[in-house]
>>> print(open('model32.txt').read())   # compact mmCIF, C-alpha atoms and all ligand atoms
# COMPACT_ATOMS: atom_id res chain seq x y z
CA MET A 1 -15.14 -39.58 -18.30
CA ALA A 2 -16.20 -36.14 -19.54
CA HIS A 3 -13.43 -33.65 -20.24
CA ILE A 4 -13.76 -30.00 -19.29
CA LYS A 5 -12.87 -27.87 -22.28
CA ASP A 6 -9.40 -26.34 -22.21
CA ARG A 7 -9.00 -22.70 -23.27
CA GLU A 8 -6.28 -20.33 -24.25
CA ILE A 9 -4.90 -18.29 -21.38
CA ALA A 10 -2.18 -15.68 -21.06
CA ARG A 11 1.20 -17.09 -20.17
CA HIS A 12 2.44 -13.82 -18.74
CA SER A 13 1.14 -10.68 -17.08
CA ARG A 14 2.26 -7.09 -16.65
CA ILE A 15 1.33 -3.82 -15.04
CA MET A 16 -0.08 -1.76 -17.91
CA SER A 17 -0.51 1.60 -16.19
CA VAL A 18 -0.64 3.47 -12.90
CA GLY A 19 -2.84 6.35 -11.74
CA VAL A 20 -3.03 8.08 -8.38
CA TYR A 21 -5.11 10.46 -6.33
CA ARG A 22 -3.56 12.66 -3.66
CA PRO A 23 -5.97 14.51 -1.35
CA GLU A 24 -6.01 18.28 -1.79
CA ARG A 25 -5.03 19.22 1.75
CA VAL A 26 -1.33 19.27 2.67
CA VAL A 27 -0.77 18.95 6.43
CA THR A 28 2.65 19.98 7.73
CA ASN A 29 4.26 18.64 10.90
CA SER A 30 3.73 21.97 12.64
CA GLU A 31 -0.04 21.47 12.37
CA ILE A 32 -0.03 18.21 14.34
CA ILE A 33 2.81 18.50 16.87
CA GLU A 34 0.90 20.25 19.62
CA ALA A 35 -1.59 17.42 20.12
CA ILE A 36 1.24 14.86 20.48
CA ASP A 37 3.85 16.99 22.29
CA SER A 38 6.31 16.52 19.43
CA SER A 39 8.41 18.67 17.12
CA ASP A 40 9.00 19.11 13.40
CA GLU A 41 12.65 18.04 13.90
CA TRP A 42 11.73 14.85 15.79
CA ILE A 43 9.21 13.75 13.16
CA LYS A 44 11.60 14.44 10.27
CA GLU A 45 14.50 12.71 11.99
CA ARG A 46 12.60 9.62 13.23
CA SER A 47 10.36 9.07 10.19
CA GLY A 48 11.51 11.28 7.29
CA ILE A 49 8.05 12.84 7.04
CA HIS A 50 7.90 16.58 6.26
CA SER A 51 4.22 16.73 5.32
CA ARG A 52 1.33 14.45 4.39
CA ARG A 53 -2.01 14.66 2.55
CA ILE A 54 -5.18 14.35 4.62
CA ALA A 55 -8.51 13.76 2.89
CA GLY A 56 -11.46 16.07 3.44
CA ASP A 57 -15.07 15.04 4.02
CA ASP A 58 -15.68 14.94 0.26
CA GLU A 59 -12.64 12.71 -0.36
CA SER A 60 -13.65 9.14 0.52
CA VAL A 61 -12.01 5.74 0.00
CA VAL A 62 -14.32 5.26 -2.98
CA SER A 63 -14.00 8.75 -4.53
CA MET A 64 -10.19 8.68 -4.26
CA SER A 65 -10.13 5.18 -5.78
CA VAL A 66 -12.39 6.15 -8.67
CA ALA A 67 -10.22 9.20 -9.46
CA ALA A 68 -7.01 7.09 -9.45
CA ALA A 69 -8.68 4.28 -11.41
CA ARG A 70 -9.93 6.60 -14.17
CA ILE A 71 -6.36 7.73 -14.82
CA ALA A 72 -5.01 4.16 -14.78
CA LEU A 73 -7.73 2.93 -17.15
CA ALA A 74 -7.17 5.83 -19.58
CA ARG A 75 -3.42 5.24 -19.57
CA ALA A 76 -3.91 1.53 -20.20
CA GLY A 77 -6.39 2.26 -22.99
CA ILE A 78 -8.92 -0.03 -21.31
CA SER A 79 -12.57 0.80 -20.70
CA ALA A 80 -14.23 -0.20 -17.43
CA GLU A 81 -16.49 -2.67 -19.32
CA GLN A 82 -13.39 -4.56 -20.46
CA LEU A 83 -12.34 -5.29 -16.88
CA GLY A 84 -12.44 -8.89 -15.68
CA ALA A 85 -12.18 -7.92 -12.02
CA VAL A 86 -11.80 -5.01 -9.61
CA ILE A 87 -9.72 -5.63 -6.49
CA CYS A 88 -9.47 -3.02 -3.75
CA ALA A 89 -6.74 -3.33 -1.10
CA THR A 90 -7.76 -1.28 1.93
CA VAL A 91 -8.27 -1.45 5.68
CA THR A 92 -10.08 1.86 6.04
CA TYR A 93 -13.29 1.43 4.05
CA PRO A 94 -15.84 2.23 6.74
CA TYR A 95 -18.31 -0.55 5.85
CA GLN A 96 -17.74 -4.18 6.77
CA THR A 97 -19.85 -5.15 3.75
CA PRO A 98 -20.50 -4.71 0.86
CA SER A 99 -16.99 -4.11 -0.41
CA ALA A 100 -15.44 -0.84 -1.59
CA ALA A 101 -14.58 -2.61 -4.85
CA THR A 102 -18.23 -3.11 -5.84
CA ASP A 103 -18.97 0.60 -5.31
CA ILE A 104 -15.82 1.59 -7.23
CA ALA A 105 -16.77 -0.73 -10.11
CA MET A 106 -20.28 0.70 -10.18
CA GLN A 107 -19.03 4.30 -10.22
CA LEU A 108 -16.65 3.43 -13.04
CA GLY A 109 -19.62 2.17 -15.05
CA ALA A 110 -18.92 -1.55 -14.65
CA PRO A 111 -21.43 -2.76 -12.05
CA LYS A 112 -21.37 -6.36 -13.28
CA VAL A 113 -17.65 -7.19 -13.00
CA PRO A 114 -16.35 -9.45 -10.20
CA ALA A 115 -15.26 -7.10 -7.41
CA PHE A 116 -13.86 -7.67 -3.94
CA ASP A 117 -11.61 -6.14 -1.25
CA ILE A 118 -8.48 -7.62 0.28
CA SER A 119 -7.35 -6.93 3.82
CA ALA A 120 -3.57 -7.11 3.95
CA ALA A 121 -2.86 -3.65 5.37
CA CYS A 122 0.41 -2.15 4.13
CA ALA A 123 1.15 -5.33 2.14
CA GLY A 124 -2.24 -5.05 0.40
CA PHE A 125 -0.95 -3.63 -2.87
CA CYS A 126 1.74 -6.31 -3.33
CA TYR A 127 -0.70 -9.04 -2.26
CA GLY A 128 -3.01 -7.65 -4.94
CA VAL A 129 -0.31 -7.57 -7.63
CA GLY A 130 0.40 -11.27 -6.98
CA LEU A 131 -3.28 -12.14 -6.97
CA ALA A 132 -4.15 -10.12 -10.09
CA SER A 133 -1.14 -11.51 -11.96
CA ASP A 134 -2.20 -15.07 -11.14
CA MET A 135 -5.80 -14.30 -12.15
CA VAL A 136 -4.64 -13.04 -15.56
CA ARG A 137 -2.32 -16.02 -16.02
CA GLY A 138 -4.90 -18.47 -14.69
CA GLY A 139 -7.59 -17.19 -17.03
CA SER A 140 -10.09 -15.92 -14.47
CA ALA A 141 -9.74 -12.30 -15.68
CA ASN A 142 -8.23 -10.65 -18.73
CA TYR A 143 -7.72 -7.20 -17.25
CA VAL A 144 -7.72 -6.56 -13.51
CA LEU A 145 -8.04 -3.13 -11.91
CA LEU A 146 -6.11 -3.17 -8.63
CA ILE A 147 -6.45 -0.25 -6.22
CA GLY A 148 -4.50 0.46 -3.03
CA VAL A 149 -6.36 3.10 -1.03
CA GLU A 150 -6.57 4.37 2.53
CA LYS A 151 -8.26 7.11 4.46
CA LEU A 152 -6.24 6.42 7.60
CA SER A 153 -7.18 9.78 9.08
CA ASP A 154 -10.60 8.27 9.88
CA PHE A 155 -8.94 5.59 12.03
CA THR A 156 -6.00 7.42 13.61
CA ASP A 157 -6.14 9.08 17.02
CA PRO A 158 -4.76 12.62 16.53
CA THR A 159 -3.45 12.52 20.11
CA ASP A 160 -1.57 9.20 19.78
CA ARG A 161 2.16 10.01 19.75
CA GLY A 162 3.03 6.76 18.00
CA THR A 163 0.71 7.03 14.99
CA ALA A 164 -0.69 10.56 14.52
CA PHE A 165 2.33 11.88 12.59
CA ILE A 166 2.81 8.75 10.46
CA PHE A 167 -0.48 7.78 8.85
CA ALA A 168 -2.08 9.64 5.94
CA ASP A 169 -4.50 9.31 3.01
CA GLY A 170 -4.40 8.64 -0.74
CA ALA A 171 -5.09 6.17 -3.54
CA GLY A 172 -3.16 4.43 -6.31
CA ALA A 173 -4.49 2.19 -9.06
CA VAL A 174 -2.93 -0.11 -11.65
CA VAL A 175 -4.32 -2.14 -14.52
CA ILE A 176 -2.81 -5.62 -14.77
CA GLY A 177 -3.26 -7.52 -18.03
CA PRO A 178 -1.78 -10.16 -20.32
CA SER A 179 1.72 -9.87 -21.72
CA LYS A 180 3.96 -11.60 -24.26
CA GLU A 181 6.95 -11.38 -21.90
CA PRO A 182 7.02 -11.90 -18.11
CA GLY A 183 6.23 -8.48 -16.62
CA ILE A 184 5.61 -9.55 -13.03
CA GLY A 185 8.01 -11.86 -11.21
CA PRO A 186 7.03 -14.48 -8.62
CA THR A 187 5.48 -13.06 -5.46
CA ILE A 188 7.33 -13.90 -2.27
CA TRP A 189 4.78 -13.54 0.48
CA GLY A 190 3.99 -14.65 3.99
CA SER A 191 3.02 -13.61 7.47
CA ASP A 192 4.00 -13.72 11.14
CA ALA A 193 0.75 -14.07 12.99
CA THR A 194 2.57 -14.38 16.33
CA ALA A 195 2.89 -10.58 16.12
CA ARG A 196 -0.77 -9.97 15.28
CA ASP A 197 -1.09 -7.44 18.08
CA ALA A 198 1.86 -5.29 16.89
CA ILE A 199 -0.48 -3.23 14.69
CA MET A 200 -4.17 -3.47 15.40
CA MET A 201 -7.35 -1.51 14.93
CA GLU A 202 -9.15 -1.72 18.28
CA PRO A 203 -11.61 -2.11 19.90
CA SER A 204 -13.63 -4.46 17.71
CA TRP A 205 -17.15 -3.44 16.62
CA VAL A 206 -18.58 -6.06 19.01
CA GLU A 207 -16.55 -4.75 21.94
CA LEU A 208 -17.76 -1.26 21.08
CA ARG A 209 -21.37 -2.42 20.99
CA ASN A 210 -21.03 -4.27 24.30
CA GLN A 211 -19.21 -1.52 26.20
CA GLU A 212 -20.75 -0.62 29.55
CA ALA A 213 -20.48 3.13 29.40
CA PRO A 214 -21.13 5.00 26.15
CA ASP A 215 -17.85 5.88 24.41
CA SER A 216 -15.73 4.33 27.20
CA LEU A 217 -13.73 2.39 24.63
CA GLY A 218 -13.41 5.22 22.16
CA TRP A 219 -13.28 4.54 18.44
CA PRO A 220 -11.46 1.76 16.54
CA ASP A 221 -8.13 3.50 15.96
CA ILE A 222 -4.91 1.94 14.77
CA LYS A 223 -2.61 1.10 17.67
CA MET A 224 0.99 0.30 16.82
CA GLN A 225 3.96 -1.08 18.76
CA GLY A 226 6.29 1.11 16.71
CA GLN A 227 9.62 -0.37 17.79
CA THR A 228 8.48 -3.99 17.36
CA VAL A 229 7.31 -3.29 13.82
CA PHE A 230 10.40 -1.18 13.07
CA ARG A 231 12.79 -4.00 14.12
CA TRP A 232 10.79 -6.64 12.21
CA ALA A 233 10.79 -4.52 9.06
CA VAL A 234 14.49 -3.63 9.27
CA TYR A 235 15.76 -7.18 9.95
CA GLN A 236 13.21 -9.44 8.25
CA MET A 237 12.15 -7.58 5.12
CA ALA A 238 15.49 -7.18 3.27
CA PRO A 239 15.87 -11.00 2.97
CA VAL A 240 12.30 -11.20 1.58
CA ALA A 241 13.12 -8.52 -1.00
CA GLU A 242 16.31 -10.39 -1.93
CA GLU A 243 14.29 -13.59 -2.31
CA ALA A 244 11.95 -11.80 -4.74
CA LEU A 245 14.95 -10.62 -6.76
CA ALA A 246 16.40 -14.15 -6.86
CA ALA A 247 13.02 -15.66 -7.83
CA ALA A 248 12.82 -13.22 -10.75
CA GLY A 249 16.43 -13.98 -11.76
CA ILE A 250 17.37 -10.29 -11.43
CA SER A 251 20.54 -9.06 -9.74
CA ALA A 252 20.70 -5.88 -7.66
CA GLU A 253 22.90 -4.39 -10.42
CA GLU A 254 20.16 -4.97 -13.01
CA LEU A 255 17.54 -3.22 -10.92
CA ASP A 256 16.43 0.32 -11.89
CA ALA A 257 14.21 1.13 -8.92
CA PHE A 258 13.38 0.05 -5.38
CA ILE A 259 9.82 0.97 -4.43
CA PRO A 260 9.14 -0.31 -0.90
CA HIS A 261 6.11 0.44 1.25
CA GLN A 262 6.62 3.96 2.60
CA ALA A 263 6.52 3.16 6.33
CA ASN A 264 9.46 5.17 7.61
CA GLU A 265 12.43 6.62 5.71
CA ARG A 266 14.83 4.98 8.18
CA ILE A 267 13.35 1.56 7.29
CA ILE A 268 13.78 2.34 3.57
CA ASP A 269 17.44 3.33 4.16
CA ALA A 270 18.15 0.26 6.30
CA MET A 271 16.68 -2.11 3.71
CA ALA A 272 18.59 -0.51 0.83
CA LYS A 273 21.81 -0.79 2.88
CA ALA A 274 21.17 -4.42 3.88
CA MET A 275 20.60 -5.31 0.22
CA ASN A 276 23.71 -3.42 -0.90
CA LEU A 277 21.71 -1.66 -3.61
CA PRO A 278 24.02 0.11 -6.07
CA GLU A 279 23.89 3.92 -6.36
CA SER A 280 22.25 3.53 -9.79
CA VAL A 281 19.00 2.21 -8.23
CA ALA A 282 16.34 4.91 -7.78
CA ILE A 283 14.88 4.63 -4.29
CA ALA A 284 11.32 5.81 -3.64
CA ARG A 285 11.10 8.35 -0.80
CA ASP A 286 7.55 9.57 -1.27
CA ILE A 287 7.09 9.24 2.51
CA ARG A 288 8.63 12.73 2.84
CA THR A 289 5.54 14.44 1.44
CA SER A 290 2.92 11.67 1.57
CA GLY A 291 3.44 10.03 4.98
CA ASN A 292 2.53 6.37 5.40
CA THR A 293 -0.56 5.64 3.31
CA SER A 294 -0.51 1.85 3.88
CA ALA A 295 -1.96 0.02 0.82
CA ALA A 296 -1.70 3.18 -1.31
CA SER A 297 1.95 3.94 -0.62
CA ILE A 298 3.63 1.85 -3.35
CA PRO A 299 1.59 3.10 -6.36
CA LEU A 300 1.84 6.67 -4.97
CA ALA A 301 5.62 6.28 -4.64
CA MET A 302 5.82 4.83 -8.15
CA ASP A 303 3.94 7.82 -9.54
CA ALA A 304 6.25 10.21 -7.68
CA LEU A 305 9.35 8.57 -9.19
CA TYR A 306 7.89 9.09 -12.70
CA SER A 307 7.14 12.76 -11.91
CA GLN A 308 10.70 13.24 -10.65
CA GLY A 309 12.07 11.69 -13.85
CA GLN A 310 13.77 8.91 -11.89
CA ILE A 311 12.08 5.99 -13.68
CA LYS A 312 10.73 5.31 -17.15
CA SER A 313 8.56 2.74 -18.88
CA GLY A 314 10.28 -0.64 -19.18
CA ASP A 315 12.46 -0.16 -16.09
CA THR A 316 12.75 -3.03 -13.63
CA ALA A 317 11.52 -2.32 -10.11
CA LEU A 318 11.45 -4.24 -6.86
CA LEU A 319 8.27 -3.78 -4.82
CA ILE A 320 7.78 -4.84 -1.20
CA GLY A 321 4.86 -4.23 1.15
CA PHE A 322 4.73 -5.12 4.85
CA GLY A 323 2.48 -4.33 7.78
CA ALA A 324 -0.34 -5.34 10.10
CA GLY A 325 -0.84 -9.08 10.43
CA LEU A 326 2.07 -9.09 10.33
CA VAL A 327 2.06 -9.75 6.58
CA TYR A 328 4.44 -9.11 3.70
CA ALA A 329 4.74 -9.57 -0.07
CA ALA A 330 7.39 -8.67 -2.65
CA GLN A 331 7.87 -9.01 -6.38
CA VAL A 332 9.95 -7.65 -9.25
CA VAL A 333 7.95 -5.88 -11.97
CA GLN A 334 8.57 -4.26 -15.31
CA LEU A 335 7.31 -0.69 -15.00
CA PRO A 336 4.47 0.43 -17.27
O1 LIG B 1 3.07 0.80 7.86
C1 LIG B 1 2.98 -0.34 8.64
C2 LIG B 1 4.27 -0.64 9.23
N1 LIG B 1 4.64 0.40 10.15
C3 LIG B 1 5.90 0.69 10.35
O2 LIG B 1 6.75 0.10 9.70
C4 LIG B 1 6.26 1.70 11.41
C5 LIG B 1 7.45 1.21 12.19
N2 LIG B 1 7.81 2.03 13.33
C6 LIG B 1 8.33 3.27 13.21
O3 LIG B 1 8.43 3.79 12.12
C7 LIG B 1 8.84 3.96 14.45
O4 LIG B 1 8.76 3.06 15.53
C8 LIG B 1 8.12 5.26 14.81
C9 LIG B 1 8.45 6.33 13.79
C10 LIG B 1 6.61 5.02 14.87
C11 LIG B 1 8.58 5.78 16.17
O5 LIG B 1 9.98 5.99 16.14
P1 LIG B 1 10.92 5.32 17.24
O6 LIG B 1 12.28 5.75 16.96
O7 LIG B 1 10.66 3.83 17.25
O8 LIG B 1 10.39 5.98 18.55
P2 LIG B 1 10.22 5.32 19.99
O9 LIG B 1 8.82 4.87 20.15
O10 LIG B 1 11.32 4.33 20.23
O11 LIG B 1 10.48 6.54 20.93
C12 LIG B 1 11.79 7.15 21.03
C13 LIG B 1 11.71 8.35 21.94
C14 LIG B 1 11.05 8.08 23.28
O12 LIG B 1 11.65 8.94 24.24
P3 LIG B 1 12.80 8.40 25.24
O13 LIG B 1 12.18 7.27 25.99
O14 LIG B 1 13.92 7.97 24.34
O15 LIG B 1 13.12 9.60 26.06
C15 LIG B 1 9.61 8.49 23.08
O16 LIG B 1 9.00 8.91 24.28
O17 LIG B 1 10.91 9.35 21.32
C16 LIG B 1 9.77 9.67 22.16
N3 LIG B 1 8.62 9.82 21.28
C17 LIG B 1 8.30 10.98 20.71
N4 LIG B 1 8.87 12.20 20.79
C18 LIG B 1 8.30 13.18 20.06
C19 LIG B 1 7.76 8.87 20.87
N5 LIG B 1 6.85 9.41 20.02
C20 LIG B 1 7.18 10.72 19.91
C21 LIG B 1 6.65 11.78 19.18
N6 LIG B 1 7.25 12.98 19.29
N7 LIG B 1 5.57 11.62 18.36
>>> encode(input="model32.txt", output="structure tokens")
Amino acid sequence: MAHIKDREIARHSRIMSVGVYRPERVVTNSEIIEAIDSSDEWIKERSGIHSRRIAGDDESVVSMSVAAARIALARAGISAEQLGAVICATVTYPYQTPSAATDIAMQLGAPKVPAFDISAACAGFCYGVGLASDMVRGGSANYVLLIGVEKLSDFTDPTDRGTAFIFADGAGAVVIGPSKEPGIGPTIWGSDATARDAIMMEPSWVELRNQEAPDSLGWPDIKMQGQTVFRWAVYQMAPVAEEALAAAGISAEELDAFIPHQANERIIDAMAKAMNLPESVAIARDIRTSGNTSAASIPLAMDALYSQGQIKSGDTALLIGFGAGLVYAAQVVQLP
């Protein structure tokens, strides 16, 4: 029997750097309340959001990703040609195919690297961290560029009371590469497809094409059963986060930062309380000025904690993403 040659592969992986792009335009609550018959107080109290960034026509999924990726690559000291793969987590790239990742790779000057998108909504970044880490450790890529990016403003109905004030735009990128020590703990991930309709972009392209009257179905916007998702996140996600801690062999006391998906500040508070996180743990609250940017929210929140001086390189952080699918993923990481 012939033997396939064995090769040396990295035993461990780590996040080497993070870079972000925040759209120029800041949109306050007062600018959006009229269309949804709401108020600044209600939005702040129910979601924690004071303002968000909304991308302009010249700020696309790809341009925001490239800007964030350039910073992450420079900070990692890696050139685009050295990349073994580009993964883009997004649900708002407006082409079904080809992927955003191939365009991003091309614009970074690496048009030959393996590149693909993943669709795991607000869990996309943590799905990507698990995937990229396993790729590095499995030998299929030495350095992986992972981007979480959304231009949700393209797929949000500005008159929908349940979503218009929540969703926003932005991009975050990390480089994941080999490491001497474990820098990324086991990913605890899963889904609950019985609640597929709790967050959904509808109608489908085919329904749109087949509609009887032009525009009768509108545009594929995100529809969300807010309370269903809220309850699921509050009650089901803290145990997942605790499982990720246990799998990494890290206690809550050893943790430096908790960087959950920025869905709603009340969800962040409820999870921190359910996990009994000590006061010493820095908790990301980027939602206040960034809104809910789905796949981009965790790297954006990580960047904000650095800017606020709340975390430093080498700190231990717990990440958890959750959203449409429903899907979730969590892992403990050593911060770059
Ligand atoms: O990122 C992916 C995962 N997504 C999430 O995790 C989001 C989870 N869900 C949420 O964050 C919350 O459900 C929302 C922030 C979206 C909504 O907050 P809520 O506390 O669940 O609001 P609700 O839908 O239960 O509505 C409460 C009240 C209702 O009035 P009554 O029946 O109590 O008189 C609504 O009519 O607030 C009213 N309401 C509003 N009032 C002002 C609903 N939307 C609005 C609004 N402005 N935009």
>>> residues_near_ligand(input="model32.txt", ligand="ligand LIG 1 (chain B)", cutoff="9 Å", atoms="all atoms listed in the file", output="JSON, numbers by chain")
{"A": [33, 36, 37, 38, 39, 40, 41, 42, 43, 45, 46, 47, 48, 121, 122, 123, 160, 161, 162, 163, 164, 165, 166, 167, 199, 224, 225, 226, 227, 228, 229, 230, 231, 232, 233, 234, 261, 262, 263, 264, 265, 266, 267, 292, 293, 294, 295, 321, 322, 323, 324, 326]}
>>> closest_residue(input="model32.txt", among="A:Met237, A:Ile32, A:Val91, A:Ala198", to="A:Ser119", atoms="all atoms listed in the file")
A:Val91
>>> residues_around(input="model32.txt", residues="stretch 94-109 of chain A", least_positions_apart="3", cutoff="8 Å", atoms="all atoms listed in the file", output="list in words")
Val61, Val62, Ser63, Ser65, Val66, Arg70, Ala80, Glu81, Val86, Ile87, Cys88, Lys112, Val113, Pro114, Ala115, Phe116 and Asp117 of chain A
>>> write_last_selection(input="model32.txt", atoms="C-alpha atoms", output="CSV table (one decimal), in the coordinates of the input")
chain,number,residue,atom,x,y,z
A,61,VAL,CA,-12.0,5.7,0.0
A,62,VAL,CA,-14.3,5.3,-3.0
A,63,SER,CA,-14.0,8.8,-4.5
A,65,SER,CA,-10.1,5.2,-5.8
A,66,VAL,CA,-12.4,6.2,-8.7
A,70,ARG,CA,-9.9,6.6,-14.2
A,80,ALA,CA,-14.2,-0.2,-17.4
A,81,GLU,CA,-16.5,-2.7,-19.3
A,86,VAL,CA,-11.8,-5.0,-9.6
A,87,ILE,CA,-9.7,-5.6,-6.5
A,88,CYS,CA,-9.5,-3.0,-3.8
A,112,LYS,CA,-21.4,-6.4,-13.3
A,113,VAL,CA,-17.6,-7.2,-13.0
A,114,PRO,CA,-16.4,-9.4,-10.2
A,115,ALA,CA,-15.3,-7.1,-7.4
A,116,PHE,CA,-13.9,-7.7,-3.9
A,117,ASP,CA,-11.6,-6.1,-1.2
>>> residues_around(input="model32.txt", residues="A:Leu145", least_positions_apart="3", cutoff="9 Å", atoms="all atoms listed in the file", output="ChimeraX atom specification")
/A:69,72-73,80,83-88,132,173-177
>>> axis_aligned_box(input="model32.txt", around="stretch 303-315 of chain A", padding_each_side="8 Å", output="AutoDock Vina command-line options")
--center_x 8.9 --center_y 6.3 --center_z -13.4 --size_x 25.8 --size_y 29.9 --size_z 27.5
>>> closest_residue(input="model32.txt", among="A:Ser153, A:Thr159, A:Thr92, A:Ser191", to="A:Pro23", atoms="all atoms listed in the file")
A:Ser153
>>> residues_around(input="model32.txt", residues="A:Ala301", least_positions_apart="3", cutoff="12 Å", atoms="only C-alpha atoms", output="MDAnalysis selection string")
chainID A and resid 18:22 148 170:173 257:263 282:298 304:308 310:311 317 319:320
>>> closest_residue(input="model32.txt", among="A:Ala55, A:Cys126, A:Met1, A:Val333", to="A:Val27", atoms="all atoms listed in the file")
A:Ala55
>>> decode(input="model32.txt", residues="stretch 300-319 of chain A", atoms="C-alpha atoms", output="compact mmCIF listing (two decimals), in the first residue's frame")
# COMPACT_ATOMS: atom_id res chain seq x y z
CA LEU A 300 -15.28 45.86 16.36
CA ALA A 301 -15.97 45.41 20.08
CA MET A 302 -12.48 43.98 20.60
CA ASP A 303 -10.94 47.01 18.90
CA ALA A 304 -13.04 49.35 21.06
CA LEU A 305 -11.81 47.67 24.27
CA TYR A 306 -8.19 48.24 23.15
CA SER A 307 -8.94 51.91 22.39
CA GLN A 308 -10.53 52.33 25.83
CA GLY A 309 -7.46 50.78 27.47
CA GLN A 310 -9.55 47.96 28.93
CA ILE A 311 -7.58 45.08 27.37
CA LYS A 312 -3.99 44.44 26.34
CA SER A 313 -2.04 41.92 24.31
CA GLY A 314 -1.88 38.52 25.99
CA ASP A 315 -5.16 38.94 27.88
CA THR A 316 -7.61 36.05 27.89
CA ALA A 317 -11.00 36.75 26.34
CA LEU A 318 -14.22 34.81 25.93
CA LEU A 319 -15.95 35.31 22.58
